[in-house]
file input_13.cif (mmCIF, C-alpha atoms and all ligand atoms)
data_data
#
loop_
_atom_site.label_atom_id
_atom_site.label_comp_id
_atom_site.auth_asym_id
_atom_site.auth_seq_id
_atom_site.Cartn_x
_atom_site.Cartn_y
_atom_site.Cartn_z
CA MET A 1 10.99 29.76 17.60
CA SER A 2 8.29 27.15 17.89
CA GLU A 3 8.73 24.83 20.85
CA VAL A 4 7.44 21.92 18.75
CA LEU A 5 9.97 22.50 15.97
CA GLY A 6 12.74 23.11 18.51
CA ALA A 7 11.95 19.77 20.16
CA VAL A 8 12.00 17.97 16.79
CA ARG A 9 15.35 19.59 15.98
CA ALA A 10 16.79 18.47 19.32
CA ILE A 11 15.68 14.87 18.69
CA CYS A 12 17.40 14.90 15.28
CA GLU A 13 20.62 16.47 16.53
CA ASP A 14 20.82 14.00 19.39
CA GLY A 15 20.14 11.11 17.01
CA LEU A 16 22.93 12.24 14.69
CA ALA A 17 25.35 12.05 17.58
CA ARG A 18 24.44 8.52 18.58
CA ASP A 19 23.41 6.55 15.49
CA ALA A 20 25.31 7.09 12.24
CA SER A 21 23.01 4.72 10.33
CA LEU A 22 20.23 7.30 10.58
CA GLY A 23 22.39 10.24 9.57
CA GLU A 24 21.06 10.70 6.07
CA GLY A 25 17.44 10.68 7.19
CA LEU A 26 17.98 12.87 10.22
CA ARG A 27 19.88 15.41 8.13
CA GLN A 28 16.96 15.46 5.70
CA ILE A 29 14.60 16.36 8.58
CA LEU A 30 16.95 19.17 9.65
CA TYR A 31 17.01 20.36 6.03
CA ALA A 32 13.21 20.40 6.08
CA LEU A 33 13.14 22.34 9.37
CA ASP A 34 15.47 24.94 7.85
CA GLY A 35 13.10 25.50 4.93
CA LEU A 36 9.79 26.07 6.72
CA GLY A 37 7.63 29.15 6.37
CA ASP A 38 5.09 30.44 8.85
CA VAL A 39 2.66 28.14 10.60
CA ARG A 40 -0.68 27.91 8.83
CA SER A 41 -4.05 27.54 10.41
CA GLY A 42 -5.16 24.01 9.77
CA ALA A 43 -8.05 21.80 10.57
CA SER A 44 -7.64 19.17 13.25
CA GLN A 45 -10.02 16.36 14.03
CA LYS A 46 -11.16 15.43 17.49
CA LEU A 47 -10.41 11.72 17.74
CA ASP A 48 -11.74 9.51 20.52
CA VAL A 49 -8.52 7.52 20.70
CA VAL A 50 -6.50 10.71 21.25
CA GLU A 51 -8.93 12.07 23.86
CA ARG A 52 -8.71 8.82 25.71
CA TYR A 53 -4.98 8.03 25.65
CA LEU A 54 -2.92 11.18 25.05
CA GLY A 55 -2.98 11.99 28.76
CA ASP A 56 -1.60 8.52 29.57
CA CYS A 57 1.15 9.09 27.01
CA ARG A 58 2.26 12.28 28.77
CA ALA A 59 2.86 10.25 31.91
CA LEU A 60 4.71 7.53 29.99
CA SER A 61 7.26 9.68 28.11
CA ARG A 62 10.24 8.92 30.29
CA ASP A 63 12.94 10.19 27.94
CA PRO A 64 13.92 13.90 28.28
CA LEU A 65 13.82 14.60 24.52
CA ALA A 66 10.50 12.78 24.24
CA GLN A 67 9.10 14.75 27.18
CA ARG A 68 10.22 17.98 25.54
CA LEU A 69 8.22 17.25 22.37
CA VAL A 70 5.15 15.98 24.25
CA THR A 71 5.17 19.12 26.42
CA ALA A 72 5.63 21.36 23.37
CA MET A 73 2.64 19.69 21.67
CA ASP A 74 0.56 20.59 24.73
CA ARG A 75 1.68 24.20 24.65
CA GLU A 76 1.32 24.68 20.89
CA PRO A 77 -1.72 22.65 19.84
CA GLU A 78 -2.11 24.80 16.72
CA ARG A 79 1.14 23.32 15.39
CA VAL A 80 -0.08 19.71 15.64
CA ALA A 81 -3.06 18.67 13.49
CA TRP A 82 -4.67 15.34 14.48
CA TYR A 83 -6.39 13.28 11.83
CA ARG A 84 -7.76 9.82 11.33
CA SER A 85 -5.36 7.98 9.03
CA LYS A 86 -6.36 7.88 5.36
CA SER A 87 -3.90 5.13 4.48
CA TYR A 88 -6.37 2.23 4.61
CA ASP A 89 -9.67 3.62 3.39
CA ASP A 90 -9.82 0.82 0.82
CA GLU A 91 -8.99 -1.94 3.35
CA PRO A 92 -12.13 -3.17 5.15
CA THR A 93 -9.97 -5.32 7.45
CA MET A 94 -8.39 -2.15 8.87
CA ALA A 95 -11.58 -0.39 9.96
CA ASP A 96 -11.28 -1.44 13.60
CA PHE A 97 -7.58 -0.57 13.68
CA LEU A 98 -8.28 2.92 12.35
CA SER A 99 -10.55 3.65 15.30
CA GLN A 100 -7.63 2.83 17.61
CA TYR A 101 -5.03 4.94 15.85
CA GLY A 102 -4.46 8.66 15.26
CA VAL A 103 -1.95 10.68 13.26
CA ALA A 104 -0.88 14.23 14.06
CA LEU A 105 0.69 16.11 11.16
CA ILE A 106 3.29 18.78 11.88
CA LEU A 107 5.07 19.36 8.57
CA GLY A 108 4.91 17.99 5.04
CA PRO A 109 3.01 18.27 1.81
CA ASP A 110 -0.76 18.53 1.96
CA ARG A 111 -2.34 15.18 1.07
CA PHE A 112 -5.88 13.82 1.11
CA GLY A 113 -7.19 17.37 1.45
CA ARG A 114 -5.48 17.85 4.81
CA ARG A 115 -3.35 20.82 5.71
CA CYS A 116 -0.10 20.34 7.57
CA PRO A 117 0.60 23.18 10.02
CA TYR A 118 3.92 23.65 8.18
CA LEU A 119 4.16 23.09 4.44
CA SER A 120 7.24 21.15 3.28
CA ASP A 121 8.31 19.16 0.24
CA ARG A 122 11.49 17.97 2.00
CA ALA A 123 10.01 15.69 4.68
CA SER A 124 6.67 14.60 6.11
CA LEU A 125 6.74 14.52 9.91
CA GLY A 126 4.26 14.07 12.69
CA VAL A 127 3.20 11.90 15.60
CA THR A 128 1.19 8.70 15.78
CA LEU A 129 -0.84 7.39 18.70
CA GLN A 130 -1.77 3.70 18.93
CA ALA A 131 -4.14 2.51 21.65
CA PRO A 132 -3.18 -0.30 24.08
CA ASN A 133 -3.55 -3.94 22.95
CA VAL A 134 -3.68 -3.08 19.27
CA ASP A 135 -1.80 -4.83 16.45
CA TYR A 136 -0.74 -2.68 13.54
CA PRO A 137 -0.15 -5.38 10.92
CA ALA A 138 2.90 -5.43 8.65
CA HIS A 139 2.81 -2.61 6.13
CA ALA A 140 5.31 -0.81 3.92
CA HIS A 141 5.85 2.18 1.67
CA GLU A 142 8.46 3.47 -0.75
CA ALA A 143 9.26 6.35 1.60
CA VAL A 144 12.27 5.88 3.87
CA GLU A 145 10.99 6.43 7.40
CA ILE A 146 12.44 7.25 10.82
CA TYR A 147 10.56 6.74 14.09
CA PHE A 148 11.43 8.15 17.52
CA ILE A 149 9.52 6.58 20.40
CA LEU A 150 7.93 9.23 22.61
CA ALA A 151 5.86 7.28 25.11
CA GLY A 152 4.71 3.81 26.01
CA SER A 153 6.14 0.40 25.40
CA VAL A 154 5.68 -1.46 22.14
CA GLU A 155 6.93 -4.49 20.25
CA TRP A 156 8.27 -3.80 16.79
CA GLN A 157 9.02 -6.05 13.85
CA GLN A 158 10.98 -5.16 10.72
CA GLY A 159 10.89 -7.49 7.73
CA ASP A 160 10.61 -11.04 9.02
CA GLY A 161 12.91 -10.31 11.95
CA VAL A 162 12.26 -11.02 15.60
CA TRP A 163 9.92 -8.74 17.55
CA ARG A 164 11.89 -6.20 19.58
CA ARG A 165 10.66 -4.09 22.47
CA LYS A 166 11.01 -0.35 21.96
CA ALA A 167 10.97 2.32 24.65
CA PRO A 168 10.93 6.13 24.76
CA GLY A 169 14.11 7.54 23.24
CA ASP A 170 14.61 4.67 20.77
CA LEU A 171 15.08 5.43 17.07
CA VAL A 172 13.96 3.10 14.26
CA LEU A 173 14.82 3.27 10.55
CA HIS A 174 12.62 1.70 7.87
CA LYS A 175 14.18 1.34 4.44
CA ALA A 176 12.12 1.75 1.26
CA HIS A 177 9.49 -1.00 1.04
CA GLU A 178 10.68 -2.65 4.28
CA PRO A 179 7.64 -4.17 6.04
CA HIS A 180 7.13 -3.11 9.65
CA ALA A 181 4.56 -4.00 12.30
CA MET A 182 3.91 -2.67 15.81
CA ARG A 183 1.89 -4.22 18.60
CA THR A 184 1.06 -2.49 21.86
CA GLY A 185 0.44 -4.19 25.19
CA GLU A 186 -0.97 -2.55 28.31
CA GLU A 187 0.42 0.87 27.37
CA PRO A 188 -0.47 3.08 24.40
CA LEU A 189 2.25 4.13 21.97
CA LEU A 190 3.08 7.71 21.07
CA ALA A 191 5.82 8.06 18.45
CA MET A 192 7.26 10.69 16.15
CA PHE A 193 7.51 9.56 12.54
CA ALA A 194 9.22 11.17 9.57
CA TRP A 195 9.19 10.26 5.91
CA VAL A 196 12.42 11.51 4.37
CA SER A 197 11.96 10.41 0.74
CA ASP A 198 9.12 9.74 -1.72
CA LEU A 199 6.68 11.83 0.30
CA MET A 200 3.71 11.07 -1.93
CA SER A 201 4.10 7.28 -1.87
CA ASP A 202 1.26 5.06 -0.70
CA VAL A 203 1.13 2.77 2.33
CA TYR A 204 0.23 -0.86 1.62
CA LEU A 205 -0.25 -3.94 3.76
CA ALA A 206 2.63 -6.39 3.50
CA ASP A 207 2.45 -10.17 3.55
CA PRO A 208 2.58 -11.52 7.10
CA ALA A 209 6.06 -12.60 8.04
FE FE A 301 5.72 3.30 8.13
#

call {"tool": "encode", "arguments": {"input": "input_13.cif", "output": "C-alpha cells", "more": "lines below"}}
Ligand SMILES: [Fe+2]
result
Amino acid sequence: MSEVLGAVRAICEDGLARDASLGEGLRQILYALDGLGDVRSGASQKLDVVERYLGDCRALSRDPLAQRLVTAMDREPERVAWYRSKSYDDEPTMADFLSQYGVALILGPDRFGRRCPYLSDRASLGVTLQAPNVDYPAHAHEAVEIYFILAGSVEWQQGDGVWRRKAPGDLVLHKAHEPHAMRTGEEPLLAMFAWVSDLMSDVYLADPA
C-alpha cells in the first residue's frame, strides 16, 4: 500500500468522523482511492518555489494527519508530480502569482498533457504550495472542492465572507462556482486539494468581493 494514498485515506476517514457537511465529497475521494490502478511513471517539474519552501512546510505541519502525508510525499516522490499551474495561462495579471505557486498531482484525469501518478475519473487530488506573502485572488470553478490544510498559516475567504485564518488539520469545502481566495503571511501554505465533481471544468478569476 502506498504511504501517500494511505495518508490521503486517513485524512478522509478522519474528516468523515468530524464534519458531516463534507461527507459527500470525502466519500467521493474514498471511492476514487478504491478504484486506482498501479502508479504510472510521470513527469514532474522542478519548481523554484517548491525547492525554496517545501522544507519550511515540513517543519510547519503541526497536525498528525498532515505530517503523515507530508512525510509520505518525501518517501514516495514518484507518487507526487509537481507542475506549474496551467489554470491562468491566458491571464497576464497572474504571471507573478504563478511563479509563487506550485501544484503536485497525485490522482485524477490527465489534463494539459500532464500525467497524474494515478489515473482516476472519480476525483482529482493533489497538493498546492503557495509562497509566503502571496495573494491568490478570488477564483472559482464548477468542480466541488475540498481542501485540507497541511502546513503553514493562511487567511481564507469564501464568497464575500470575512477572511478566516486556517491552520494545519482544517478542512474547507468550496461549492460549485463559489469564489475563494487565499493569502499567506510570513509562512508558506501547503494544502491538499480534491475536486470531487466536474473534473474537467476550468478555473476562472471571480469578481473581487
Ligand atoms: Fe479551487

call {"tool": "closest_residue", "arguments": {"input": "input_13.cif", "among": "A:Glu187, A:Asp121, A:Asp170, A:Asp202", "to": "A:Arg58", "atoms": "only C-alpha atoms"}}
result
A:Glu187

call {"tool": "residues_around", "arguments": {"input": "input_13.cif", "residues": "A:Leu199", "least_positions_apart": "6", "cutoff": "12 Å", "atoms": "only C-alpha atoms", "output": "list in words"}}
result
Leu107, Gly108, Pro109, Asp110, Arg111, Ser120, Asp121, Arg122, Ala123, Ser124, Leu125, His141, Glu142, Ala143, Val144, Glu145 and Ala176 of chain A

call {"tool": "closest_atom_pairs", "arguments": {"input": "input_13.cif", "of": "stretch 97-138 of chain A", "to": "stretch 77-93 of chain A", "cutoff": "8 Å", "atoms": "all atoms listed in the file", "output": "CSV"}}
result
residue,atom,partner,partner_atom,distance
A:Leu98,CA,A:Ser85,CA,6.7
A:Ser99,CA,A:Arg84,CA,7.8
A:Tyr101,CA,A:Arg84,CA,7.2
A:Gly102,CA,A:Arg84,CA,5.3
A:Val103,CA,A:Tyr83,CA,5.3
A:Ala104,CA,A:Trp82,CA,4.0
A:Leu105,CA,A:Ala81,CA,5.1
A:Ile106,CA,A:Val80,CA,5.1
A:Phe112,CA,A:Lys86,CA,7.3
A:Cys116,CA,A:Ala81,CA,6.8
A:Pro117,CA,A:Arg79,CA,5.4
A:Tyr118,CA,A:Arg79,CA,7.7
A:Gly126,CA,A:Val80,CA,7.7

call {"tool": "atom_distance", "arguments": {"input": "input_13.cif", "atom1": "atom CA of A:Pro64", "atom2": "atom CA of A:Asn133"}}
result
25.5 Å

call {"tool": "residues_near_ligand", "arguments": {"input": "input_13.cif", "ligand": "ligand FE 301 (chain A)", "cutoff": "10 Å", "atoms": "all atoms listed in the file", "output": "VMD selection string"}}
result
chain A and resid 138 to 147 173 to 182 193 to 195 203 to 204

call {"tool": "residues_around", "arguments": {"input": "input_13.cif", "residues": "A:Ser21", "least_positions_apart": "3", "cutoff": "12 Å", "atoms": "all atoms listed in the file", "output": "list in words"}}
result
Gly15, Leu16, Ala17, Arg18, Glu24, Gly25, Leu26, Arg27, Ile146, Leu171, Val172, Leu173, His174 and Lys175 of chain A

call {"tool": "closest_residue", "arguments": {"input": "input_13.cif", "among": "A:Ile149, A:Ala32, A:Val154, A:Val49", "to": "A:Gly169", "atoms": "all atoms listed in the file"}}
result
A:Ile149

call {"tool": "residues_around", "arguments": {"input": "input_13.cif", "residues": "A:Phe97", "least_positions_apart": "6", "cutoff": "9 Å", "atoms": "all atoms listed in the file", "output": "count of residues only"}}
result
4

call {"tool": "closest_residue", "arguments": {"input": "input_13.cif", "among": "A:Ser153, A:Ser201, A:Ser61, A:Gln158", "to": "A:Glu186", "atoms": "all atoms listed in the file"}}
result
A:Ser153

call {"tool": "closest_residue", "arguments": {"input": "input_13.cif", "among": "A:Leu190, A:Leu119, A:Leu22, A:Met200", "to": "A:Arg40", "atoms": "all atoms listed in the file"}}
result
A:Leu119

call {"tool": "atom_distance", "arguments": {"input": "input_13.cif", "atom1": "atom CA of A:Val70", "atom2": "atom CA of A:Ala95"}}
result
27.4 Å

call {"tool": "closest_residue", "arguments": {"input": "input_13.cif", "among": "A:Met94, A:Val4, A:Leu60, A:Ile11", "to": "A:Arg75", "atoms": "all atoms listed in the file"}}
result
A:Val4

call {"tool": "atom_distance", "arguments": {"input": "input_13.cif", "atom1": "atom CA of A:Glu155", "atom2": "atom CA of A:Cys57"}}
result
16.2 Å

call {"tool": "residues_around", "arguments": {"input": "input_13.cif", "residues": "A:Glu3", "least_positions_apart": "2", "cutoff": "9 Å", "atoms": "all atoms listed in the file", "output": "short mmCIF file (atom, residue, chain, number, x, y, z; two decimals) with C-alpha atoms, in the frame of the given file"}}
result
data_model
loop_
_atom_site.label_atom_id
_atom_site.label_comp_id
_atom_site.auth_asym_id
_atom_site.auth_seq_id
_atom_site.Cartn_x
_atom_site.Cartn_y
_atom_site.Cartn_z
CA MET A 1 10.99 29.76 17.60
CA LEU A 5 9.97 22.50 15.97
CA GLY A 6 12.74 23.11 18.51
CA ALA A 7 11.95 19.77 20.16
CA VAL A 8 12.00 17.97 16.79
CA ARG A 68 10.22 17.98 25.54
CA LEU A 69 8.22 17.25 22.37
CA THR A 71 5.17 19.12 26.42
CA ALA A 72 5.63 21.36 23.37
CA MET A 73 2.64 19.69 21.67
CA ARG A 75 1.68 24.20 24.65
CA GLU A 76 1.32 24.68 20.89
#

call {"tool": "decode", "arguments": {"input": "input_13.cif", "residues": "stretch 57-85 of chain A", "atoms": "N, CA, C and O atoms", "output": "PDB file, in the first residue's frame"}}
result
ATOM      1  N   CYS A  57       7.733  23.937   4.894  1.00  0.00           N
ATOM      2  CA  CYS A  57       6.405  23.357   5.116  1.00  0.00           C
ATOM      3  C   CYS A  57       6.499  22.103   5.983  1.00  0.00           C
ATOM      4  O   CYS A  57       5.633  21.865   6.826  1.00  0.00           O
ATOM      5  N   ARG A  58       7.528  21.304   5.774  1.00  0.00           N
ATOM      6  CA  ARG A  58       7.689  20.101   6.607  1.00  0.00           C
ATOM      7  C   ARG A  58       7.722  20.482   8.082  1.00  0.00           C
ATOM      8  O   ARG A  58       7.140  19.818   8.927  1.00  0.00           O
ATOM      9  N   ALA A  59       8.414  21.559   8.380  1.00  0.00           N
ATOM     10  CA  ALA A  59       8.553  21.979   9.778  1.00  0.00           C
ATOM     11  C   ALA A  59       7.266  22.605  10.314  1.00  0.00           C
ATOM     12  O   ALA A  59       7.096  22.706  11.530  1.00  0.00           O
ATOM     13  N   LEU A  60       6.373  23.016   9.416  1.00  0.00           N
ATOM     14  CA  LEU A  60       5.173  23.745   9.839  1.00  0.00           C
ATOM     15  C   LEU A  60       3.915  22.880   9.859  1.00  0.00           C
ATOM     16  O   LEU A  60       2.833  23.367  10.157  1.00  0.00           O
ATOM     17  N   SER A  61       4.046  21.587   9.536  1.00  0.00           N
ATOM     18  CA  SER A  61       2.856  20.721   9.505  1.00  0.00           C
ATOM     19  C   SER A  61       2.641  20.138  10.899  1.00  0.00           C
ATOM     20  O   SER A  61       3.138  19.083  11.232  1.00  0.00           O
ATOM     21  N   ARG A  62       1.894  20.852  11.700  1.00  0.00           N
ATOM     22  CA  ARG A  62       1.800  20.514  13.126  1.00  0.00           C
ATOM     23  C   ARG A  62       0.687  19.520  13.439  1.00  0.00           C
ATOM     24  O   ARG A  62       0.543  19.101  14.570  1.00  0.00           O
ATOM     25  N   ASP A  63      -0.097  19.161  12.454  1.00  0.00           N
ATOM     26  CA  ASP A  63      -1.194  18.228  12.662  1.00  0.00           C
ATOM     27  C   ASP A  63      -0.726  16.807  12.315  1.00  0.00           C
ATOM     28  O   ASP A  63      -0.047  16.614  11.304  1.00  0.00           O
ATOM     29  N   PRO A  64      -1.052  15.798  13.125  1.00  0.00           N
ATOM     30  CA  PRO A  64      -0.533  14.441  12.865  1.00  0.00           C
ATOM     31  C   PRO A  64      -0.910  13.897  11.491  1.00  0.00           C
ATOM     32  O   PRO A  64      -0.067  13.278  10.821  1.00  0.00           O
ATOM     33  N   LEU A  65      -2.159  14.102  11.054  1.00  0.00           N
ATOM     34  CA  LEU A  65      -2.554  13.589   9.741  1.00  0.00           C
ATOM     35  C   LEU A  65      -1.853  14.344   8.623  1.00  0.00           C
ATOM     36  O   LEU A  65      -1.495  13.777   7.590  1.00  0.00           O
ATOM     37  N   ALA A  66      -1.644  15.641   8.835  1.00  0.00           N
ATOM     38  CA  ALA A  66      -0.900  16.437   7.856  1.00  0.00           C
ATOM     39  C   ALA A  66       0.554  15.970   7.796  1.00  0.00           C
ATOM     40  O   ALA A  66       1.115  15.787   6.710  1.00  0.00           O
ATOM     41  N   GLN A  67       1.143  15.749   8.960  1.00  0.00           N
ATOM     42  CA  GLN A  67       2.537  15.281   8.993  1.00  0.00           C
ATOM     43  C   GLN A  67       2.676  13.941   8.283  1.00  0.00           C
ATOM     44  O   GLN A  67       3.662  13.690   7.589  1.00  0.00           O
ATOM     45  N   ARG A  68       1.676  13.090   8.449  1.00  0.00           N
ATOM     46  CA  ARG A  68       1.738  11.771   7.816  1.00  0.00           C
ATOM     47  C   ARG A  68       1.800  11.900   6.294  1.00  0.00           C
ATOM     48  O   ARG A  68       2.574  11.218   5.629  1.00  0.00           O
ATOM     49  N   LEU A  69       0.978  12.802   5.714  1.00  0.00           N
ATOM     50  CA  LEU A  69       1.003  12.958   4.261  1.00  0.00           C
ATOM     51  C   LEU A  69       2.291  13.640   3.805  1.00  0.00           C
ATOM     52  O   LEU A  69       2.891  13.239   2.803  1.00  0.00           O
ATOM     53  N   VAL A  70       2.740  14.646   4.525  1.00  0.00           N
ATOM     54  CA  VAL A  70       3.976  15.344   4.129  1.00  0.00           C
ATOM     55  C   VAL A  70       5.159  14.373   4.167  1.00  0.00           C
ATOM     56  O   VAL A  70       6.004  14.353   3.258  1.00  0.00           O
ATOM     57  N   THR A  71       5.214  13.534   5.207  1.00  0.00           N
ATOM     58  CA  THR A  71       6.287  12.539   5.304  1.00  0.00           C
ATOM     59  C   THR A  71       6.196  11.523   4.172  1.00  0.00           C
ATOM     60  O   THR A  71       7.209  11.149   3.558  1.00  0.00           O
ATOM     61  N   ALA A  72       4.970  11.081   3.872  1.00  0.00           N
ATOM     62  CA  ALA A  72       4.784  10.103   2.794  1.00  0.00           C
ATOM     63  C   ALA A  72       5.222  10.682   1.450  1.00  0.00           C
ATOM     64  O   ALA A  72       5.800   9.980   0.614  1.00  0.00           O
ATOM     65  N   MET A  73       4.948  11.974   1.227  1.00  0.00           N
ATOM     66  CA  MET A  73       5.372  12.609  -0.029  1.00  0.00           C
ATOM     67  C   MET A  73       6.893  12.598  -0.146  1.00  0.00           C
ATOM     68  O   MET A  73       7.450  12.453  -1.243  1.00  0.00           O
ATOM     69  N   ASP A  74       7.574  12.758   0.977  1.00  0.00           N
ATOM     70  CA  ASP A  74       9.037  12.693   0.985  1.00  0.00           C
ATOM     71  C   ASP A  74       9.538  11.304   0.616  1.00  0.00           C
ATOM     72  O   ASP A  74      10.510  11.140  -0.111  1.00  0.00           O
ATOM     73  N   ARG A  75       8.856  10.304   1.153  1.00  0.00           N
ATOM     74  CA  ARG A  75       9.316   8.922   0.970  1.00  0.00           C
ATOM     75  C   ARG A  75       8.953   8.373  -0.396  1.00  0.00           C
ATOM     76  O   ARG A  75       9.585   7.416  -0.859  1.00  0.00           O
ATOM     77  N   GLU A  76       7.894   8.896  -0.996  1.00  0.00           N
ATOM     78  CA  GLU A  76       7.417   8.369  -2.280  1.00  0.00           C
ATOM     79  C   GLU A  76       7.307   9.495  -3.309  1.00  0.00           C
ATOM     80  O   GLU A  76       6.204   9.808  -3.784  1.00  0.00           O
ATOM     81  N   PRO A  77       8.410  10.124  -3.653  1.00  0.00           N
ATOM     82  CA  PRO A  77       8.324  11.266  -4.568  1.00  0.00           C
ATOM     83  C   PRO A  77       7.774  10.893  -5.947  1.00  0.00           C
ATOM     84  O   PRO A  77       7.226  11.748  -6.644  1.00  0.00           O
ATOM     85  N   GLU A  78       7.877   9.621  -6.307  1.00  0.00           N
ATOM     86  CA  GLU A  78       7.365   9.208  -7.622  1.00  0.00           C
ATOM     87  C   GLU A  78       5.840   9.228  -7.663  1.00  0.00           C
ATOM     88  O   GLU A  78       5.242   9.116  -8.728  1.00  0.00           O
ATOM     89  N   ARG A  79       5.198   9.351  -6.518  1.00  0.00           N
ATOM     90  CA  ARG A  79       3.731   9.359  -6.473  1.00  0.00           C
ATOM     91  C   ARG A  79       3.179  10.774  -6.360  1.00  0.00           C
ATOM     92  O   ARG A  79       1.988  10.970  -6.094  1.00  0.00           O
ATOM     93  N   VAL A  80       4.024  11.775  -6.530  1.00  0.00           N
ATOM     94  CA  VAL A  80       3.635  13.179  -6.383  1.00  0.00           C
ATOM     95  C   VAL A  80       4.322  13.955  -7.511  1.00  0.00           C
ATOM     96  O   VAL A  80       5.539  14.099  -7.516  1.00  0.00           O
ATOM     97  N   ALA A  81       3.551  14.418  -8.479  1.00  0.00           N
ATOM     98  CA  ALA A  81       4.140  15.065  -9.662  1.00  0.00           C
ATOM     99  C   ALA A  81       3.898  16.576  -9.599  1.00  0.00           C
ATOM    100  O   ALA A  81       2.766  17.046  -9.759  1.00  0.00           O
ATOM    101  N   TRP A  82       4.976  17.332  -9.374  1.00  0.00           N
ATOM    102  CA  TRP A  82       4.861  18.800  -9.264  1.00  0.00           C
ATOM    103  C   TRP A  82       4.818  19.445 -10.645  1.00  0.00           C
ATOM    104  O   TRP A  82       5.573  19.057 -11.547  1.00  0.00           O
ATOM    105  N   TYR A  83       3.949  20.430 -10.767  1.00  0.00           N
ATOM    106  CA  TYR A  83       3.823  21.172 -12.014  1.00  0.00           C
ATOM    107  C   TYR A  83       3.549  22.641 -11.705  1.00  0.00           C
ATOM    108  O   TYR A  83       2.981  22.982 -10.665  1.00  0.00           O
ATOM    109  N   ARG A  84       3.904  23.471 -12.650  1.00  0.00           N
ATOM    110  CA  ARG A  84       3.417  24.852 -12.628  1.00  0.00           C
ATOM    111  C   ARG A  84       1.958  24.816 -13.054  1.00  0.00           C
ATOM    112  O   ARG A  84       1.588  24.100 -13.982  1.00  0.00           O
ATOM    113  N   SER A  85       1.112  25.573 -12.370  1.00  0.00           N
ATOM    114  CA  SER A  85      -0.313  25.580 -12.691  1.00  0.00           C
ATOM    115  C   SER A  85      -0.540  26.038 -14.128  1.00  0.00           C
ATOM    116  O   SER A  85       0.112  26.957 -14.610  1.00  0.00           O
TER     117      SER A  85
END
